[in-house]
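Here the structure comes first, spelled out in structure tokens, and everything after it is commentary.
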Amino acid sequence: MKRRDFIKRSSLSALTAWMGSSLVLNACHTEEDMIGESNWIVEGSFDRPLTIPYVSNGSASLNAQFSVSELLKGKSSTTLSYANGLLGPTIRANTGETVNVSLQNSLSEETNIHWHGLILPENMDGHPRDVASPGGSLNYSLPVIQRAGTYWYHPHPHGLTAKQVFLGLAGMFIINDAEESALNLPSGEFEIPVIIQDKHFEGNNLEYSPNDDEIMTGYLGEQILVNGQHAPFVNVASRWYRLRVLNGSTARVYNLGLTGGANLIVIGSDGGLLRTPETVSNIMLGPGERLDVLIDFSDLAVGKEIYLVSNKFSEFNVQGRQAFSLLKFKVDREGTSDFTLPSTLSNISALSESLSVKTRTIDIAQTIGGEGGHGGMGRHSINGKIFEMDRVDETVSAGTTEIWEFDNLAGDEIHPMHIHGVQFQVLERMGARNKVIASEKGWKDTILLMPGEKVRVIMTFPNYTGVFVFHCHNLEHEDDGMMLNYKII
Ligand code: C2O
Ligand code: CU
């Protein structure tokens with residue numbers, strides 16, 4: 001169907017109905033979902049050129065709206081978008097600038113924007129109470145006071161976050177600074193944003209309809225999209241490239257690698273560059289996390305193809321039992337570059353544990369409510385509590401340093417934990433994987449906890465006082481109430 005025909009046939013109210021019906025529990029899921037045998041990834045043919053979201057420098061005007069996009073090759077899908085198609089522009093800014101963003105809400109329900117990873121004043125952070133009604137608007141003025149890095153933005157209205165992100169509302173927010181520019185990293189066409197999201201379709205359209213079990217495990221789709229496209233490829237020259245990878249999925253964890261045993265050189269994660277490059281063959285990336293990697297295609301002959309893949313990481317879990325490809329790189333020309341991998345990337349001083357004025361234990365292993373919850377399994381909670389908009393759960397002092405211990409030792413689900421308004425360092429992971437992985441050696445705002453793990457993080461709270469949230473970035477868990485308020489005083 002052509003876009004014009006689509007618009008003719010779809011009144012706004014029909015779109016509204018589609019959006020509403022995406023919330024209705026669907027009955028067509030089989031017994032197999034219960035034991036996680038479904039959700040097997042469907043790979044495509046990797047013959048569509050990768051789309052790169054357009055760049056908005058320094059400011060942006062976003063319109064959360066219904067749109068149409070070719071997510072699956074040759075098929076039109078109704079989506080949500082901040083512009084056209086799926087997703088929004090990549091907003092770029094330099095440290096020290098102020099970014100102004102206007103948000104028009106053309107949806108039939110409330111929305112807002114959280115600037116994930118950015119350290120912002122309370123009223124700019126996108127707390128779920130600060131929303132625009134349908135037809136309303138919001139203006140964000142974002143002072144960029146932090147270091148270079150790959151951040152992102154997405155809606156945060158309570159109970160609607162997962163659906164709105166899943167249907168297409170998200171974008172990258174890239175900060176540059178002098179320290180990073182001095183490294184002369186691959187840039188321009190050699191710097192590729194890679195936004196990874198899994199989607200579930202009914203026919204040609206996105207279907208967001210988690211049943212009780214999927215609220216527990218997270219809603220997993222069978223088609224993996226990169227920048228809003230299923231199974232794309234990108235032509236590359238035989239030289240160094242930089243990939244800025246965002247896991248924008250609601251719940252799926254990836255174990256990223258390259259085919260043919262090629263290595264990924266991890267240079268950064270959520271909060272910018274690491275101290276030194278880390279060479280890995282596999283790296284886990286949970287929902288909300290970012291990965292900054294370099295790939296050296298220099299030794300590959302023209303004509304060679306390699307894939308960005310997700311490798312198996314579990315025999316047992318509903319996720320991770322299957323390896324699949326996400327994106328194909330096709331070497332189509334010789335490359336030249338004078339880039340050499342620096343041995344030092346950035347200056348990060350370790351926050352000493354002795355600075356900490358308080359250690360808090362954050363219990364994320366329990367569900368509460370038992371029978372009253374999903375399929376008798378209870379609702380997701382933090383410290384035994386479910387989110388309440390106006391209740392302050394933890395109070396911290398501006399400018400002080402604390403250690404928070406996320407405890408999933410007794411848990412049997414995966415929880416990527418995110419704290420608004422701050423960047424932290426990872427001190428230690430106990431239990432299951434029992435180590436801090438390469439991408440966790442820099443600044444982070446989201447930390448992945450597999451079942452049976454406990455992670456200790458340390459952070460200094462900024463001088464922005466007010467109420468911020470922290471929550472699980474499995475967005476089904478977040479919407480289920482796995483979120484608390486903390487107040488900086
Ligand atoms: Cu990206 Cu409160 O989340
Ligand atoms: Cu969770």
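The chains in the structure tokens are called A, B, ... from first to last as shown; in each chain the residues are counted from 1, and the ligands are counted from 1 in the order shown.
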Fewer than 2 positions away in the same chain doesn't count, so skip those; otherwise give me all residues within 8 Å of Thr98 (chain A), counting only C-alpha atoms, as a list in words.
Gly58, Gly96, Asn100, Ser141, Leu142, Pro143 and Val144 of chain A
Restrict the calculation to only C-alpha atoms and all ligand atoms, then for each residue of chain A with any atom at most 9 Å from an atom of ligand 2 give the closest atom pair and their distance in Å to one decimal, rows by chain and rising residue number, as a tab-separated table.
```
residue	atom	partner	partner_atom_place_in_ligand_line	distance
A:Met216	CA	ligand 2	1 (Cu)	8.3
A:Thr217	CA	ligand 2	1 (Cu)	8.4
A:Gly218	CA	ligand 2	1 (Cu)	8.1
A:Ala251	CA	ligand 2	1 (Cu)	8.4
A:Ile364	CA	ligand 2	1 (Cu)	7.6
A:Ala365	CA	ligand 2	1 (Cu)	8.9
A:His380	CA	ligand 2	1 (Cu)	7.1
A:Ser381	CA	ligand 2	1 (Cu)	8.6
A:Glu413	CA	ligand 2	1 (Cu)	6.9
A:Ile414	CA	ligand 2	1 (Cu)	5.9
A:His415	CA	ligand 2	1 (Cu)	3.7
A:Pro416	CA	ligand 2	1 (Cu)	6.2
A:Met417	CA	ligand 2	1 (Cu)	7.3
A:Leu449	CA	ligand 2	1 (Cu)	8.8
A:His471	CA	ligand 2	1 (Cu)	7.9
A:Cys472	CA	ligand 2	1 (Cu)	4.5
A:His473	CA	ligand 2	1 (Cu)	6.4
A:Asn474	CA	ligand 2	1 (Cu)	4.9
A:Leu475	CA	ligand 2	1 (Cu)	7.6
A:Glu476	CA	ligand 2	1 (Cu)	7.7
A:His477	CA	ligand 2	1 (Cu)	4.8
A:Glu478	CA	ligand 2	1 (Cu)	6.9
A:Met482	CA	ligand 2	1 (Cu)	6.7
```
Any chance you could export the current selection's N, CA and C atoms as a PDB file, in the first residue's frame?
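For reference, part.pdb as written:
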```pdb
ATOM      1  N   MET A 216       6.265 -10.992  32.738  1.00  0.00           N
ATOM      2  CA  MET A 216       7.311 -11.525  33.608  1.00  0.00           C
ATOM      3  C   MET A 216       8.643 -11.629  32.866  1.00  0.00           C
ATOM      4  N   THR A 217       8.626 -12.226  31.696  1.00  0.00           N
ATOM      5  CA  THR A 217       9.902 -12.437  30.989  1.00  0.00           C
ATOM      6  C   THR A 217      10.342 -11.203  30.226  1.00  0.00           C
ATOM      7  N   GLY A 218       9.403 -10.343  29.913  1.00  0.00           N
ATOM      8  CA  GLY A 218       9.651  -9.269  28.950  1.00  0.00           C
ATOM      9  C   GLY A 218       9.082  -9.703  27.618  1.00  0.00           C
ATOM     10  N   ALA A 251      12.970  -5.541  26.135  1.00  0.00           N
ATOM     11  CA  ALA A 251      13.392  -6.569  27.099  1.00  0.00           C
ATOM     12  C   ALA A 251      14.552  -7.443  26.644  1.00  0.00           C
ATOM     13  N   ILE A 364      16.095  -6.465  44.101  1.00  0.00           N
ATOM     14  CA  ILE A 364      15.339  -6.556  42.845  1.00  0.00           C
ATOM     15  C   ILE A 364      14.943  -7.999  42.540  1.00  0.00           C
ATOM     16  N   ALA A 365      15.140  -8.872  43.514  1.00  0.00           N
ATOM     17  CA  ALA A 365      14.908 -10.295  43.263  1.00  0.00           C
ATOM     18  C   ALA A 365      13.470 -10.733  43.508  1.00  0.00           C
ATOM     19  N   HIS A 380       6.356  -7.143  39.658  1.00  0.00           N
ATOM     20  CA  HIS A 380       7.753  -6.749  39.861  1.00  0.00           C
ATOM     21  C   HIS A 380       7.851  -5.608  40.854  1.00  0.00           C
ATOM     22  N   SER A 381       8.841  -5.681  41.699  1.00  0.00           N
ATOM     23  CA  SER A 381       8.985  -4.652  42.725  1.00  0.00           C
ATOM     24  C   SER A 381      10.458  -4.349  42.955  1.00  0.00           C
ATOM     25  N   GLU A 413      15.022 -13.710  37.174  1.00  0.00           N
ATOM     26  CA  GLU A 413      14.796 -12.953  35.936  1.00  0.00           C
ATOM     27  C   GLU A 413      15.963 -12.010  35.686  1.00  0.00           C
ATOM     28  N   ILE A 414      16.033 -11.521  34.428  1.00  0.00           N
ATOM     29  CA  ILE A 414      17.077 -10.576  34.034  1.00  0.00           C
ATOM     30  C   ILE A 414      16.569  -9.160  34.309  1.00  0.00           C
ATOM     31  N   HIS A 415      17.343  -8.341  34.982  1.00  0.00           N
ATOM     32  CA  HIS A 415      16.944  -6.956  35.255  1.00  0.00           C
ATOM     33  C   HIS A 415      18.057  -5.966  34.905  1.00  0.00           C
ATOM     34  N   PRO A 416      17.896  -5.168  33.846  1.00  0.00           N
ATOM     35  CA  PRO A 416      18.845  -4.086  33.579  1.00  0.00           C
ATOM     36  C   PRO A 416      18.431  -2.853  34.379  1.00  0.00           C
ATOM     37  N   MET A 417      19.202  -2.495  35.387  1.00  0.00           N
ATOM     38  CA  MET A 417      18.788  -1.418  36.299  1.00  0.00           C
ATOM     39  C   MET A 417      19.365  -0.070  35.867  1.00  0.00           C
ATOM     40  N   LEU A 449      21.774  -7.112  35.271  1.00  0.00           N
ATOM     41  CA  LEU A 449      21.889  -8.168  36.285  1.00  0.00           C
ATOM     42  C   LEU A 449      21.199  -9.424  35.790  1.00  0.00           C
ATOM     43  N   HIS A 471      14.911   2.486  38.015  1.00  0.00           N
ATOM     44  CA  HIS A 471      13.988   1.418  37.639  1.00  0.00           C
ATOM     45  C   HIS A 471      14.662   0.341  36.818  1.00  0.00           C
ATOM     46  N   CYS A 472      13.906  -0.730  36.613  1.00  0.00           N
ATOM     47  CA  CYS A 472      14.362  -1.763  35.693  1.00  0.00           C
ATOM     48  C   CYS A 472      14.079  -1.286  34.275  1.00  0.00           C
ATOM     49  N   HIS A 473      15.067  -1.452  33.385  1.00  0.00           N
ATOM     50  CA  HIS A 473      14.877  -1.013  31.992  1.00  0.00           C
ATOM     51  C   HIS A 473      14.343  -2.130  31.094  1.00  0.00           C
ATOM     52  N   ASN A 474      13.992  -3.275  31.702  1.00  0.00           N
ATOM     53  CA  ASN A 474      13.069  -4.158  31.007  1.00  0.00           C
ATOM     54  C   ASN A 474      11.762  -3.371  31.091  1.00  0.00           C
ATOM     55  N   LEU A 475      11.323  -2.834  29.956  1.00  0.00           N
ATOM     56  CA  LEU A 475      10.239  -1.847  30.018  1.00  0.00           C
ATOM     57  C   LEU A 475       8.906  -2.457  30.429  1.00  0.00           C
ATOM     58  N   GLU A 476       8.748  -3.768  30.220  1.00  0.00           N
ATOM     59  CA  GLU A 476       7.540  -4.421  30.747  1.00  0.00           C
ATOM     60  C   GLU A 476       7.602  -4.415  32.281  1.00  0.00           C
ATOM     61  N   HIS A 477       8.772  -4.668  32.824  1.00  0.00           N
ATOM     62  CA  HIS A 477       8.917  -4.626  34.284  1.00  0.00           C
ATOM     63  C   HIS A 477       8.702  -3.208  34.801  1.00  0.00           C
ATOM     64  N   GLU A 478       9.273  -2.236  34.103  1.00  0.00           N
ATOM     65  CA  GLU A 478       9.119  -0.838  34.534  1.00  0.00           C
ATOM     66  C   GLU A 478       7.637  -0.459  34.588  1.00  0.00           C
ATOM     67  N   MET A 482       8.148  -1.680  38.495  1.00  0.00           N
ATOM     68  CA  MET A 482       9.497  -1.914  39.024  1.00  0.00           C
ATOM     69  C   MET A 482      10.329  -0.634  38.903  1.00  0.00           C
TER      70      MET A 482
END
```
Output as JSON lines one row per residue of chain A within 7 Å of ligand 1: the closest atom pair and its distance in Å to one decimal place, counting only C-alpha atoms and all ligand atoms, sorted by chain and residue number ascending.
```
{"residue": "A:His114", "atom": "CA", "partner": "ligand 1", "partner_atom_place_in_ligand_line": "3 (O)", "distance": 6.4}
{"residue": "A:His116", "atom": "CA", "partner": "ligand 1", "partner_atom_place_in_ligand_line": "1 (Cu)", "distance": 4.7}
{"residue": "A:Tyr153", "atom": "CA", "partner": "ligand 1", "partner_atom_place_in_ligand_line": "1 (Cu)", "distance": 6.9}
{"residue": "A:His154", "atom": "CA", "partner": "ligand 1", "partner_atom_place_in_ligand_line": "1 (Cu)", "distance": 6.6}
{"residue": "A:His156", "atom": "CA", "partner": "ligand 1", "partner_atom_place_in_ligand_line": "2 (Cu)", "distance": 6.5}
{"residue": "A:Gly288", "atom": "CA", "partner": "ligand 1", "partner_atom_place_in_ligand_line": "1 (Cu)", "distance": 5.6}
{"residue": "A:His418", "atom": "CA", "partner": "ligand 1", "partner_atom_place_in_ligand_line": "3 (O)", "distance": 6.6}
{"residue": "A:His420", "atom": "CA", "partner": "ligand 1", "partner_atom_place_in_ligand_line": "2 (Cu)", "distance": 6.2}
{"residue": "A:Val469", "atom": "CA", "partner": "ligand 1", "partner_atom_place_in_ligand_line": "2 (Cu)", "distance": 6.7}
{"residue": "A:Phe470", "atom": "CA", "partner": "ligand 1", "partner_atom_place_in_ligand_line": "2 (Cu)", "distance": 6.5}
{"residue": "A:His471", "atom": "CA", "partner": "ligand 1", "partner_atom_place_in_ligand_line": "2 (Cu)", "distance": 6.4}
{"residue": "A:His473", "atom": "CA", "partner": "ligand 1", "partner_atom_place_in_ligand_line": "3 (O)", "distance": 6.3}
```
Considering only C-alpha atoms, can you say which of A:Ser181, A:Thr161, A:Ser439, A:Asn263 comes closest to Asp480 (chain A)?
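With only C-alpha atoms as the atom set, the closest residue is A:Thr161.
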Which of A:Leu326, A:Ala432, A:Leu71, A:Val457 sits closest to Lys358 (chain A) [using only C-alpha atoms]:
A:Val457
DSSP on the backbone, strand (DSSP E) only: what residues of region 313-411 of chain A does that give? Format it as a VMD selection string.
chain A and resid 324 to 334 356 to 363 367 to 368 379 to 380 394 to 396 401 to 408
With N, CA and C atoms retained, write the just-selected residues as a compact mmCIF listing (two decimals), in the first residue's frame.
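The result, stored in out39.txt:
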```txt
# COMPACT_ATOMS: atom_id res chain seq x y z
N PHE A 324 21.87 -15.42 16.27
CA PHE A 324 21.26 -14.89 15.05
C PHE A 324 22.03 -13.68 14.57
N SER A 325 21.83 -13.33 13.29
CA SER A 325 22.50 -12.17 12.70
C SER A 325 21.61 -10.96 12.78
N LEU A 326 22.22 -9.77 12.87
CA LEU A 326 21.45 -8.53 12.96
C LEU A 326 21.69 -7.61 11.78
N LEU A 327 22.94 -7.57 11.31
CA LEU A 327 23.34 -6.57 10.32
C LEU A 327 24.51 -7.14 9.53
N LYS A 328 24.45 -6.94 8.21
CA LYS A 328 25.55 -7.44 7.36
C LYS A 328 26.45 -6.29 6.93
N PHE A 329 27.75 -6.50 7.02
CA PHE A 329 28.72 -5.56 6.47
C PHE A 329 29.28 -6.16 5.19
N LYS A 330 29.26 -5.37 4.12
CA LYS A 330 29.75 -5.84 2.83
C LYS A 330 30.93 -4.96 2.45
N VAL A 331 32.11 -5.51 2.39
CA VAL A 331 33.27 -4.70 1.99
C VAL A 331 33.17 -4.50 0.48
N ASP A 332 32.92 -3.26 0.07
CA ASP A 332 32.69 -3.02 -1.36
C ASP A 332 33.76 -2.14 -1.98
N ARG A 333 34.74 -1.73 -1.18
CA ARG A 333 35.82 -0.90 -1.73
C ARG A 333 37.02 -0.89 -0.80
N GLU A 334 38.17 -0.55 -1.42
CA GLU A 334 39.39 -0.41 -0.62
C GLU A 334 39.24 0.83 0.25
N SER A 356 32.37 7.05 49.91
CA SER A 356 30.94 6.77 50.07
C SER A 356 30.46 7.07 51.48
N VAL A 357 29.35 7.82 51.55
CA VAL A 357 28.78 8.16 52.86
C VAL A 357 27.67 7.17 53.26
N LYS A 358 27.25 6.35 52.29
CA LYS A 358 26.16 5.43 52.61
C LYS A 358 26.12 4.30 51.59
N THR A 359 25.80 3.11 52.07
CA THR A 359 25.58 1.98 51.17
C THR A 359 24.11 1.59 51.26
N ARG A 360 23.46 1.53 50.09
CA ARG A 360 22.06 1.10 50.08
C ARG A 360 21.95 -0.24 49.36
N THR A 361 21.15 -1.13 49.90
CA THR A 361 20.89 -2.38 49.21
C THR A 361 19.54 -2.27 48.51
N ILE A 362 19.54 -2.57 47.23
CA ILE A 362 18.33 -2.45 46.44
C ILE A 362 17.93 -3.87 46.02
N ASP A 363 16.87 -4.37 46.64
CA ASP A 363 16.44 -5.74 46.38
C ASP A 363 15.58 -5.80 45.12
N THR A 367 9.26 -10.62 43.61
CA THR A 367 8.01 -10.09 43.09
C THR A 367 7.04 -10.11 44.25
N ILE A 368 6.07 -9.21 44.22
CA ILE A 368 5.11 -9.20 45.32
C ILE A 368 3.69 -9.36 44.79
N ARG A 379 3.81 -9.23 41.10
CA ARG A 379 4.25 -8.09 40.31
C ARG A 379 5.69 -7.74 40.64
N HIS A 380 6.36 -7.14 39.66
CA HIS A 380 7.75 -6.75 39.86
C HIS A 380 7.85 -5.61 40.85
N GLU A 394 13.76 6.91 48.37
CA GLU A 394 15.12 7.06 48.90
C GLU A 394 15.46 8.54 48.83
N THR A 395 16.23 9.02 49.81
CA THR A 395 16.65 10.42 49.80
C THR A 395 18.17 10.48 49.90
N VAL A 396 18.79 11.22 49.01
CA VAL A 396 20.24 11.33 48.98
C VAL A 396 20.62 12.82 49.01
N THR A 401 28.64 11.01 47.74
CA THR A 401 28.92 9.76 47.04
C THR A 401 28.32 8.60 47.82
N GLU A 402 27.67 7.70 47.08
CA GLU A 402 27.07 6.53 47.74
C GLU A 402 27.37 5.26 46.93
N ILE A 403 27.26 4.15 47.60
CA ILE A 403 27.33 2.84 46.94
C ILE A 403 25.94 2.22 46.97
N TRP A 404 25.47 1.81 45.83
CA TRP A 404 24.19 1.08 45.76
C TRP A 404 24.49 -0.35 45.31
N GLU A 405 23.87 -1.29 46.03
CA GLU A 405 24.06 -2.70 45.70
C GLU A 405 22.75 -3.27 45.17
N PHE A 406 22.72 -3.54 43.87
CA PHE A 406 21.53 -4.16 43.27
C PHE A 406 21.63 -5.66 43.50
N ASP A 407 20.66 -6.20 44.19
CA ASP A 407 20.74 -7.60 44.62
C ASP A 407 19.71 -8.46 43.90
N ASN A 408 20.23 -9.26 42.96
CA ASN A 408 19.38 -10.20 42.23
C ASN A 408 19.82 -11.63 42.49
```
Would you mind telling me which residue in A:Ile265, A:Leu355, A:Leu345, A:Leu273 lies nearest to Leu183 (chain A) when using only C-alpha atoms?
A:Leu345
Nearest candidate to Ala182 (chain A) (options A:Ser352, A:Gln423, A:Ala148, A:Glu109; using only C-alpha atoms):
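Smallest separation from Ala182 (chain A) among the options: A:Ala148.
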When distances are computed from only C-alpha atoms, which of A:Glu110, A:Glu207, A:Asp212, A:Glu97 shows the smallest separation from Ser133 (chain A)?
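Under the stated criterion, the closest residue is A:Glu110.
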I'd like a table as a tab-separated table: residues in region 213-325 of chain A with an atom no more than 12 Å from region 83-94 of chain A, each row giving the shortest atom pair and its distance in Å to one decimal, only C-alpha atoms counted, sorted by chain and rising residue number.
```
residue	atom	partner	partner_atom	distance
A:Leu225	CA	A:Leu86	CA	10.6
A:Val226	CA	A:Leu86	CA	10.7
A:Asn227	CA	A:Leu87	CA	7.7
A:Gly228	CA	A:Leu86	CA	5.8
A:Gln229	CA	A:Leu86	CA	9.0
A:Arg244	CA	A:Thr90	CA	11.4
A:Leu246	CA	A:Thr90	CA	11.9
A:Gly248	CA	A:Leu87	CA	10.2
```
Secondary structure check, alpha helix (DSSP H) residues of region 82-213 of chain A, as a list in words:
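Assigned to alpha helix (DSSP H), within region 82-213 of chain A: Thr161, Ala162, Lys163, Gln164, Val165, Phe166, Ala178, Glu179, Glu180, Ser181, Asp212 and Asp213 of chain A.
Shortest atom-to-atom contact with Gln146 (chain A) among A:Arg433, A:Asn176, A:Leu409, A:Asp296: A:Asn176, counting only C-alpha atoms.
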Exercise: Ser346 (chain A) partners within 9 Å, only C-alpha atoms, chain neighbours under 3 positions left out, as an mmCIF file with all heavy atoms, in the first residue's frame:
```
data_model
loop_
_atom_site.group_PDB
_atom_site.id
_atom_site.type_symbol
_atom_site.label_atom_id
_atom_site.label_comp_id
_atom_site.auth_asym_id
_atom_site.auth_seq_id
_atom_site.Cartn_x
_atom_site.Cartn_y
_atom_site.Cartn_z
ATOM 1 N N GLU A 179 38.088 16.258 24.365
ATOM 2 C CA GLU A 179 38.901 15.080 24.700
ATOM 3 C C GLU A 179 38.701 13.987 23.656
ATOM 4 O O GLU A 179 39.647 13.367 23.180
ATOM 5 C CB GLU A 179 38.517 14.545 26.089
ATOM 6 C CG GLU A 179 39.357 13.359 26.538
ATOM 7 C CD GLU A 179 38.857 12.697 27.836
ATOM 8 O OE1 GLU A 179 37.626 12.537 28.000
ATOM 9 O OE2 GLU A 179 39.697 12.315 28.665
ATOM 10 N N GLU A 180 37.422 13.793 23.265
ATOM 11 C CA GLU A 180 37.142 12.745 22.294
ATOM 12 C C GLU A 180 37.596 13.131 20.885
ATOM 13 O O GLU A 180 38.178 12.322 20.163
ATOM 14 C CB GLU A 180 35.652 12.406 22.296
ATOM 15 C CG GLU A 180 35.397 11.162 21.481
ATOM 16 C CD GLU A 180 33.920 10.878 21.268
ATOM 17 O OE1 GLU A 180 33.233 10.610 22.256
ATOM 18 O OE2 GLU A 180 33.488 10.921 20.111
ATOM 19 N N GLY A 272 30.260 7.306 27.877
ATOM 20 C CA GLY A 272 31.399 7.772 27.100
ATOM 21 C C GLY A 272 32.555 6.795 27.069
ATOM 22 O O GLY A 272 32.407 5.609 27.361
ATOM 23 N N LEU A 273 33.723 7.329 26.695
ATOM 24 C CA LEU A 273 34.893 6.485 26.438
ATOM 25 C C LEU A 273 35.411 5.789 27.689
ATOM 26 O O LEU A 273 35.362 6.334 28.789
ATOM 27 C CB LEU A 273 36.019 7.345 25.850
ATOM 28 C CG LEU A 273 35.746 7.949 24.469
ATOM 29 C CD1 LEU A 273 36.829 8.969 24.116
ATOM 30 C CD2 LEU A 273 35.671 6.848 23.406
ATOM 31 N N LEU A 274 35.938 4.582 27.474
ATOM 32 C CA LEU A 274 36.644 3.863 28.535
ATOM 33 C C LEU A 274 38.039 4.480 28.674
ATOM 34 O O LEU A 274 38.439 5.325 27.879
ATOM 35 C CB LEU A 274 36.798 2.381 28.149
ATOM 36 C CG LEU A 274 35.536 1.599 27.785
ATOM 37 C CD1 LEU A 274 35.912 0.150 27.465
ATOM 38 C CD2 LEU A 274 34.514 1.636 28.918
ATOM 39 N N ARG A 275 38.775 4.010 29.656
ATOM 40 C CA ARG A 275 40.173 4.457 29.794
ATOM 41 C C ARG A 275 41.018 3.938 28.643
ATOM 42 O O ARG A 275 41.795 4.654 28.055
ATOM 43 C CB ARG A 275 40.789 3.871 31.079
ATOM 44 C CG ARG A 275 40.408 4.568 32.326
ATOM 45 C CD ARG A 275 41.217 4.011 33.509
ATOM 46 N NE ARG A 275 40.559 4.440 34.732
ATOM 47 C CZ ARG A 275 39.612 3.747 35.342
ATOM 48 N NH1 ARG A 275 39.246 2.565 34.882
ATOM 49 N NH2 ARG A 275 39.028 4.223 36.422
ATOM 50 N N THR A 276 40.861 2.645 28.359
ATOM 51 C CA THR A 276 41.672 1.995 27.319
ATOM 52 C C THR A 276 40.756 1.107 26.487
ATOM 53 O O THR A 276 39.731 0.634 26.974
ATOM 54 C CB THR A 276 42.769 1.102 27.957
ATOM 55 O OG1 THR A 276 42.129 0.174 28.830
ATOM 56 C CG2 THR A 276 43.765 1.929 28.754
#
```
